[in-house]
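Student: Take a look at this one; I'll ask things after.
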There are 2 protein chains.
Amino acid sequence: MEIAITLDNQSELPLHRQLYEELRRSILSGRLAPGQRVPSTRTLAVSLGVSRATVTQSYEQLLSEGYFQAVTGSGTFVGRHLPDDLLRPATVKAAAGVARAARPSVRLSNYGASLADVEAFEPSGQESQINFCYGRPAFDAFPLQQWRRLLLRHCRTGQRAMLDYALDSLGYEPLREAIAHHLARSRAVVCQADQVIIVSGSQQALDLITRVLVERGETVAMEDPGYLGARRAFLAQGAKLLPVPVDEAGMMVEYLAARQTAKPKLIHVTPSHQFPTGAVLSLPRRLELLAWAAQSGAMIVEDDYDSEYRYGSRPIPALQGLDQSESVIYVGTFSKMMFPALRLGYMVVPRSVAHVLARAKWLADRHAPMLEQYALADFINEGHLERHLRRMRTLYDQRRQALVRALKLHFGERVTIMGESAGMHLTARLQTKLSDEEIIRRAEEAGVGLVSARVYFLKSCWNNEYIFGYASLSERRIQEGVRRLAGLPI
Amino acid sequence: MEIAITLDNQSELPLHRQLYEELRRSILSGRLAPGQRVPSTRTLAVSLGVSRATVTQSYEQLLSEGYFQAVTGSGTFVGRHLPDDLLRPATVKAAAGVARAARPSVRLSNYGASLADVEAFEPSGQESQINFCYGRPAFDAFPLQQWRRLLLRHCRTGQRAMLDYALDSLGYEPLREAIAHHLARSRAVVCQADQVIIVSGSQQALDLITRVLVERGETVAMEDPGYLGARRAFLAQGAKLLPVPVDEAGMMVEYLAARQTAKPKLIHVTPSHQFPTGAVLSLPRRLELLAWAAQSGAMIVEDDYDSEYRYGSRPIPALQGLDQSESVIYVGTFSKMMFPALRLGYMVVPRSVAHVLARAKWLADRHAPMLEQYALADFINEGHLERHLRRMRTLYDQRRQALVRALKLHFGERVTIMGESAGMHLTARLQTKLSDEEIIRRAEEAGVGLVSARVYFLKSCWNNEYIFGYASLSERRIQEGVRRLAGLPI
């Protein structure tokens with residue numbers, strides 16, 4: 001190989017870098033042809049009078065960037081397929097050919113337009129030191145080592161089924177079986193594995209169900225106040241909302257029967273711990289709701305988002321388990337049982353709509369990542385989930401009690417606590433003259449993150465009610481947070 | 001505690017199991033009240049005259065199932081929150097209250113109905129011994145250990161951000177930056193990280209783009225033949241399809257200009273390796289397509305599904321890099337660069353639609369699992385992806401050549417090979433009198449999985465063309481597969 005390489009010992013640029021540049025340039029300029037053999041590091045080091053390490057370093061750089069290719073046994077060659085950087089100039093030239101046209105602005109679909117409108121719904125940050133944001137589990141109490149062990153186990157085997165596309169649009173079968181079994185035991189849900197569809201969290205379940213069942217302009221009934229993630233999914237897809245008021249026994253089902261004209265296609269309900277009030281839907285109302293759905297043909301979406309956590313009172317079985325007429329789609333998530341970033345949830349669906357929903361999932365994103373599905377199946381089958389839930393039930397109960405004590409201690413008569421018999425948050429009504437915005441602002445200043453229940457209302461609206469998530473906060477921080485709130489002029 | 005426990009030494013049931021049953025029964029029957037203290041294993045062992053191990057074993061069982069609760073320091077108690085199995089009877093009784101109504105059958109939305117119609121689109125199985133199915137990478141060549149190491153790294157830290165909801169609906173920022181950087185280098189894509197949206201594979205990208213841009217009844221242009229996953233997403237959402245024929249230079253763009261009346265809202269194209277023909281869209285046509293989109297206001301979806309693999313010929317830069325008028329949404333996936341079960345992909349979007357598409361993703365399923373996003377960012381930034389792709393480029397090239405040689409050796413004049421200059425599959429036209437169905441059936445009998453190009457056609461349709469995926473098959477299996485085909489009476 002004959003290329004003049006000049007290295008400058010005075011240069012700021014280290015020798016190996018200079019050599020790299022020189023060689024790269026000769027390749028780009030074509031002086032070194034693709035496939036051409038280059039001298040060994042020793043030969044070049046000698047001929048250039050530099051250390052072999054210098055040459056090796058520059059060669060490695062060129063190898064890693066694909067300018068060079070090493071062929072074991074026969075040496076180093078200029079790469080046959082050079083990095084595409086080479087194309088950059090070409091790109092620019094070609095681009096110049098296209099006139100920068102005054103392009104007509106993009107017309108969005110109704111769906112797209114509805115998203116462009118809504119107030120930004122970015123996830124709520126965790127800026128404040130003590131954040132009572134809801135829906136967060138106790139991250140530090142999650143058995144991460146156990147979980148890691150299971151991920152490893154399946155990552156190690158590297159079996160093709162764990163890397164390839166799923167063979168089953170419902171989800172990994174052993175996981176579906178484990179979930180069916182767990183739900184039967186813990187929630188009295190009655191189902192077979194072939195009714196369980198694995199989704200990426202309950203939000204996807206709500207989205208898919210709406211797509212498959214609700215046409216633009218049709219009515220969806222939901223609790224007022226109710227879950228925002230559901231409301232947004234319904235509205236974005238053009239559903240008309242029928243707000244159903246909530247009292248201490250949950251959704252006021254009689255209200256539905258009274259509005260026969262509305263004929264909702266879908267009824268979204270959170271029976272085990274109404275969001276956000278925390279009310280538990282009474283058994284009579286559950287039966288009333290099921291009977292009404294059965295005769296009206298409406299489908300019930302039972303969003304059982306934090307049903308695993310109940311304190312003292314015995315749980316009421318899931319609507320799904322009471323249903324006799326295939327009127328319930330049961331939706332659950334592992335975001336709270338495990339952790340949100342896992343992005344795994346499930347729906348338990350009537351056989352009449354199972355295949356359509358499975359296809360909707362397949363068409364939306366094929367399936368959930370396999371590794372997590374494998375690991376989670378083991379996590380459940382080996383009893384880790386049960387154990388973890390039992391531990392969390394105790395831990396959350398303690399934190400809940402600490403919160404209730406602190407609120408009563410610091411606010412006494414001025415606070416009314418609701419929905420503390422279950423779940424991971426409670427609602428507290430504070431007697432104050434200030435607006436919700438003002439209180440939240442002042443709390444923020446004191447380093448306390450607080451959420452007003454207001455935003456969850458559709459029609460009716462109460463003031464000065466706040467959602468206190470306690471699951472992810474230690475008792476000390478809970479006490480400190482409430483103390484700070486009480487210290488404010490509110 | 002006074003409960004009469006009778007153990008039968010003659011019984012088939014081991015003693016610890018008998019004891020477990022006895023204690024469980026007394027809890028269920030209420031003889032043992034929730035919260036009641038139970039004797040220590042030693043005490044009970046003595047009083048029953050059995051080994052302490054026996055008692056311990058039954059206690060552990062009851063503890064693990066939640067019938068017992070251990071309070072460190074103060075002993076073992078009957079659980080306060082008993083497993084919900086207890087509710088089963090209650091459940092059944094309540095359920096009986098609901099009449100098994102003759103429920104009106106479920107009315108699906110247009111979207112749902114379209115899914116109910118289509119021929120089942122389950123993933124194609126890997127039953128045949130030698131399967132030339134396309135879109136599968138070389139599973140055994142993936143650096144699984146490296147990947148495991150990175151998963152472990154982040155699983156170990158257990159930092160909250162890795163467990164909690166994402167703070168960013170676009171996806172994990174370091175991953176978006178890594179992707180932007182990689183695409184700039186390898187595909188001459190011009191973008192910033194804030195234009196990259198992480199999705200669960202390219203299917204989700206296609207689904208979200210259609211939802212946000214295309215209204216029912218509007219037109220989507222796509223290659224004929226073209227990618228089925230895209231076609232299904234478009235059709236299910238009520239789009240009218242405008243099939244654009246394909247020749248050896250890819251999509252015949254002039255055909256679009258000729259059909260001005262159709263006014264497609266979206267144009268789906270696979271320029272770097274047309275699916276399934278494998279044609280590469282010529283530079284003139286790329287510029288023509290961009291110019292046409294710019295003036296018509298149509299949005300181009302550049303589906304660059306296997307652009308990383310090119311043999312011999314220098315790659316043509318991505319449409320996105322040539323675009324001057326925000327007319328291109330670039331879609332890519334890691335299903336082929338890494339492995340399909342990872343379920344990670346990306347879109348590079350014009351800023352004009354970035355926030356709407358990010359919200360659509362957020363509303364569809366929040367975000368992709370965090371662990372994989374963290375690990376993948378490192379995988380790219382530490383150069384593992386580059387190295388892996390370089391290795392695969394060589395490996396696939398060898399397998400491609402082996403397939404071409406085998407086809408020519410065994411079929412000689414009777415085979416025409418197309419689209420072998422890039423990607424992970426090629427198309428071969430066989431001269432035969434038999435129908436595609438018949439050939440596929442006979443191949444199947446010989447243990448060879450083959451896919452006809454027929455199903456990918458909308459209007460025009462050629463026979464006896466087959467897609468040969470070679471990336472996941474060893475040279476030996478490729479040769480064996482072709483040999484078996486040639487051995488058939490076809």
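Identifiers in this document derive from the order of the structure tokens: chains are assigned A, B, ..., residues are numbered from 1 separately in each chain, and ligands are numbered from 1 in order of occurrence.
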For A:Asp168, please output as a ChimeraX atom specification all residues within 12 Å (counting only C-alpha atoms; exclusion window: fewer than 2 positions along the same chain).
Tutor: /A:161,164-166,170-176,194,196-198,355,358-359,361-362,366-368,370 /B:120-125
Student: So that I can see what lies close to A:Cys155, please list as a PDB file with N, CA, C and O atoms, in the first residue's frame the residues with an atom at most 10 Å from it, counting only C-alpha atoms and leaving out residues fewer than 4 positions away in the same chain.
Tutor:
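Result went into out.pdb, see below:
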```
ATOM      1  N   ARG A 149     -33.838 -11.585  38.947  1.00  0.00           N
ATOM      2  CA  ARG A 149     -33.481 -12.999  38.825  1.00  0.00           C
ATOM      3  C   ARG A 149     -34.326 -13.668  37.738  1.00  0.00           C
ATOM      4  O   ARG A 149     -33.831 -14.433  36.918  1.00  0.00           O
ATOM      5  N   LEU A 150     -35.600 -13.319  37.709  1.00  0.00           N
ATOM      6  CA  LEU A 150     -36.503 -13.941  36.735  1.00  0.00           C
ATOM      7  C   LEU A 150     -36.228 -13.425  35.321  1.00  0.00           C
ATOM      8  O   LEU A 150     -36.246 -14.192  34.359  1.00  0.00           O
ATOM      9  N   LEU A 151     -35.953 -12.131  35.203  1.00  0.00           N
ATOM     10  CA  LEU A 151     -35.604 -11.589  33.882  1.00  0.00           C
ATOM     11  C   LEU A 151     -34.376 -12.321  33.367  1.00  0.00           C
ATOM     12  O   LEU A 151     -34.327 -12.803  32.235  1.00  0.00           O
ATOM     13  N   GLN A 159     -34.152 -18.599  24.405  1.00  0.00           N
ATOM     14  CA  GLN A 159     -34.971 -19.433  23.517  1.00  0.00           C
ATOM     15  C   GLN A 159     -35.661 -18.528  22.495  1.00  0.00           C
ATOM     16  O   GLN A 159     -36.022 -17.397  22.781  1.00  0.00           O
ATOM     17  N   MET A 162     -38.696 -16.409  23.024  1.00  0.00           N
ATOM     18  CA  MET A 162     -38.573 -15.210  23.855  1.00  0.00           C
ATOM     19  C   MET A 162     -38.087 -14.024  23.024  1.00  0.00           C
ATOM     20  O   MET A 162     -38.151 -12.879  23.459  1.00  0.00           O
ATOM     21  N   LEU A 163     -37.590 -14.293  21.824  1.00  0.00           N
ATOM     22  CA  LEU A 163     -37.049 -13.236  20.964  1.00  0.00           C
ATOM     23  C   LEU A 163     -37.941 -12.941  19.762  1.00  0.00           C
ATOM     24  O   LEU A 163     -37.963 -11.835  19.237  1.00  0.00           O
ATOM     25  N   LEU A 371     -40.076 -10.823  27.151  1.00  0.00           N
ATOM     26  CA  LEU A 371     -39.274 -11.062  28.345  1.00  0.00           C
ATOM     27  C   LEU A 371     -40.088 -10.793  29.601  1.00  0.00           C
ATOM     28  O   LEU A 371     -40.179 -11.638  30.505  1.00  0.00           O
ATOM     29  N   TYR A 374     -42.753 -13.443  30.212  1.00  0.00           N
ATOM     30  CA  TYR A 374     -42.190 -14.686  30.765  1.00  0.00           C
ATOM     31  C   TYR A 374     -41.898 -14.515  32.256  1.00  0.00           C
ATOM     32  O   TYR A 374     -42.279 -15.339  33.080  1.00  0.00           O
ATOM     33  N   ALA A 375     -41.205 -13.428  32.578  1.00  0.00           N
ATOM     34  CA  ALA A 375     -40.788 -13.217  33.964  1.00  0.00           C
ATOM     35  C   ALA A 375     -42.003 -13.060  34.877  1.00  0.00           C
ATOM     36  O   ALA A 375     -42.053 -13.620  35.971  1.00  0.00           O
TER      37      ALA A 375
ATOM     38  N   LEU B 144     -26.856 -11.744  23.096  1.00  0.00           N
ATOM     39  CA  LEU B 144     -27.803 -11.783  24.211  1.00  0.00           C
ATOM     40  C   LEU B 144     -27.122 -11.478  25.548  1.00  0.00           C
ATOM     41  O   LEU B 144     -27.687 -10.817  26.406  1.00  0.00           O
ATOM     42  N   GLN B 145     -25.859 -11.928  25.675  1.00  0.00           N
ATOM     43  CA  GLN B 145     -25.164 -11.714  26.938  1.00  0.00           C
ATOM     44  C   GLN B 145     -24.967 -10.218  27.179  1.00  0.00           C
ATOM     45  O   GLN B 145     -25.226  -9.702  28.260  1.00  0.00           O
ATOM     46  N   TRP B 147     -26.716  -7.832  25.965  1.00  0.00           N
ATOM     47  CA  TRP B 147     -28.035  -7.262  26.232  1.00  0.00           C
ATOM     48  C   TRP B 147     -28.437  -7.529  27.672  1.00  0.00           C
ATOM     49  O   TRP B 147     -28.909  -6.646  28.385  1.00  0.00           O
ATOM     50  N   ARG B 148     -28.214  -8.760  28.129  1.00  0.00           N
ATOM     51  CA  ARG B 148     -28.563  -9.125  29.499  1.00  0.00           C
ATOM     52  C   ARG B 148     -27.792  -8.238  30.473  1.00  0.00           C
ATOM     53  O   ARG B 148     -28.332  -7.739  31.443  1.00  0.00           O
ATOM     54  N   ARG B 149     -26.521  -8.024  30.153  1.00  0.00           N
ATOM     55  CA  ARG B 149     -25.679  -7.221  31.037  1.00  0.00           C
ATOM     56  C   ARG B 149     -26.283  -5.820  31.207  1.00  0.00           C
ATOM     57  O   ARG B 149     -26.328  -5.271  32.311  1.00  0.00           O
ATOM     58  N   LEU B 151     -29.488  -4.919  30.683  1.00  0.00           N
ATOM     59  CA  LEU B 151     -30.757  -4.996  31.422  1.00  0.00           C
ATOM     60  C   LEU B 151     -30.448  -5.038  32.913  1.00  0.00           C
ATOM     61  O   LEU B 151     -31.010  -4.296  33.717  1.00  0.00           O
TER      62      LEU B 151
END
```
Student: If you run DSSP on the backbone here, which positions in stretch 242-276 of chain B get strand (DSSP E or B)? Please write them as a list of chain:residue names.
Tutor: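 Here are the strand (DSSP E or B) residues of stretch 242-276 of chain B: B:Leu242, B:Pro243, B:Val244, B:Pro245, B:Val246, B:Asp247, B:Gly250, B:Met251, B:Leu266, B:Ile267, B:His268, B:Val269.
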Student: Provide as number ranges by chain the residues of chain B at most 6 Å from chain A, counting only C-alpha atoms.
Tutor: B: 84-85, 95, 100, 103-104, 108-109, 111-112, 115-116, 123, 163-165, 167, 185-186, 200, 203-204, 207, 212-215, 294-295, 297, 322, 324-325, 339-343, 356, 364-365, 369-370
Student: State, in Å with one decimal place, the distance from atom CA of B:Ala446 to atom CA of B:Glu413.
Tutor: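 We find that atom CA of B:Ala446 and atom CA of B:Glu413 lie 22.6 Å from each other.
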Student: Would you pick out the contacts of A:Asn131 at 9 Å or less, using only C-alpha atoms, so that residues sharing its chain but fewer than 4 positions from it are not included, and give the list as a list in words?
Tutor: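 Near A:Asn131, the qualifying residues are Gln126, Glu127, Gly447, Val448, Gly449, Leu450, Phe468, Gly469, Tyr470, Ser472, Leu473 and Gly481 of chain A.
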Student: Can you spit out the residues from that selection as a short mmCIF file (atom, residue, chain, number, x, y, z; two decimals), in the first residue's frame, using all heavy atoms?
Tutor:
```cif
data_model
loop_
_atom_site.label_atom_id
_atom_site.label_comp_id
_atom_site.auth_asym_id
_atom_site.auth_seq_id
_atom_site.Cartn_x
_atom_site.Cartn_y
_atom_site.Cartn_z
N GLN A 126 -42.56 14.77 39.37
CA GLN A 126 -42.36 14.53 40.81
C GLN A 126 -41.46 15.61 41.40
O GLN A 126 -40.53 15.32 42.15
CB GLN A 126 -41.73 13.16 41.06
CG GLN A 126 -42.74 12.04 41.08
CD GLN A 126 -42.95 11.48 39.69
OE1 GLN A 126 -42.00 11.26 38.96
NE2 GLN A 126 -44.20 11.29 39.31
N GLU A 127 -41.71 16.87 41.04
CA GLU A 127 -40.78 17.92 41.48
C GLU A 127 -40.84 18.10 42.99
O GLU A 127 -39.82 18.13 43.67
CB GLU A 127 -41.10 19.27 40.82
CG GLU A 127 -41.49 19.16 39.35
CD GLU A 127 -42.90 18.62 39.19
OE1 GLU A 127 -43.67 18.68 40.19
OE2 GLU A 127 -43.23 18.12 38.11
N GLY A 447 -43.23 22.76 49.26
CA GLY A 447 -42.62 21.51 48.83
C GLY A 447 -43.54 20.31 48.94
O GLY A 447 -43.09 19.17 49.04
N VAL A 448 -44.85 20.56 48.91
CA VAL A 448 -45.82 19.47 49.00
C VAL A 448 -46.66 19.41 47.72
O VAL A 448 -47.27 20.41 47.33
CB VAL A 448 -46.75 19.66 50.22
CG1 VAL A 448 -47.77 18.53 50.28
CG2 VAL A 448 -45.92 19.70 51.50
N GLY A 449 -46.63 18.25 47.07
CA GLY A 449 -47.41 18.06 45.85
C GLY A 449 -48.80 17.57 46.19
O GLY A 449 -48.96 16.59 46.91
N LEU A 450 -49.81 18.30 45.71
CA LEU A 450 -51.20 17.99 46.07
C LEU A 450 -52.03 18.04 44.79
O LEU A 450 -51.75 18.83 43.90
CB LEU A 450 -51.69 19.05 47.07
CG LEU A 450 -52.78 18.65 48.07
CD1 LEU A 450 -52.34 17.43 48.86
CD2 LEU A 450 -53.05 19.82 49.01
N PHE A 468 -55.05 12.39 48.28
CA PHE A 468 -53.78 12.10 48.96
C PHE A 468 -53.35 10.67 48.65
O PHE A 468 -53.90 9.72 49.18
CB PHE A 468 -53.95 12.26 50.48
CG PHE A 468 -54.01 13.68 50.94
CD1 PHE A 468 -55.20 14.39 50.90
CD2 PHE A 468 -52.88 14.31 51.43
CE1 PHE A 468 -55.28 15.70 51.34
CE2 PHE A 468 -52.94 15.63 51.88
CZ PHE A 468 -54.14 16.32 51.83
N GLY A 469 -52.38 10.52 47.74
CA GLY A 469 -51.77 9.21 47.53
C GLY A 469 -50.75 9.00 48.63
O GLY A 469 -49.94 9.89 48.91
N TYR A 470 -50.81 7.83 49.29
CA TYR A 470 -49.89 7.62 50.42
C TYR A 470 -48.99 6.40 50.22
O TYR A 470 -48.02 6.21 50.94
CB TYR A 470 -50.68 7.47 51.72
CG TYR A 470 -51.85 6.49 51.63
CD1 TYR A 470 -51.63 5.12 51.66
CD2 TYR A 470 -53.15 6.95 51.48
CE1 TYR A 470 -52.69 4.23 51.57
CE2 TYR A 470 -54.22 6.06 51.38
CZ TYR A 470 -53.99 4.71 51.42
OH TYR A 470 -55.03 3.83 51.31
N SER A 472 -46.66 5.52 48.20
CA SER A 472 -45.23 5.62 47.89
C SER A 472 -44.47 6.49 48.88
O SER A 472 -43.29 6.77 48.69
CB SER A 472 -45.06 6.20 46.48
OG SER A 472 -45.56 7.53 46.45
N LEU A 473 -45.15 6.93 49.95
CA LEU A 473 -44.49 7.82 50.92
C LEU A 473 -44.31 7.11 52.26
O LEU A 473 -45.22 6.44 52.75
CB LEU A 473 -45.32 9.08 51.12
CG LEU A 473 -45.45 10.02 49.92
CD1 LEU A 473 -46.45 11.13 50.23
CD2 LEU A 473 -44.10 10.62 49.56
N GLY A 481 -45.33 15.95 55.48
CA GLY A 481 -46.12 16.62 54.44
C GLY A 481 -47.37 17.27 55.01
O GLY A 481 -47.67 18.43 54.73
#
```
Student: In Å, how far is it from atom CA of A:Leu389 to atom CA of A:Met337?
Tutor: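 Computing the Euclidean distance for atom CA of A:Leu389 and atom CA of A:Met337 yields 6.8 Å.
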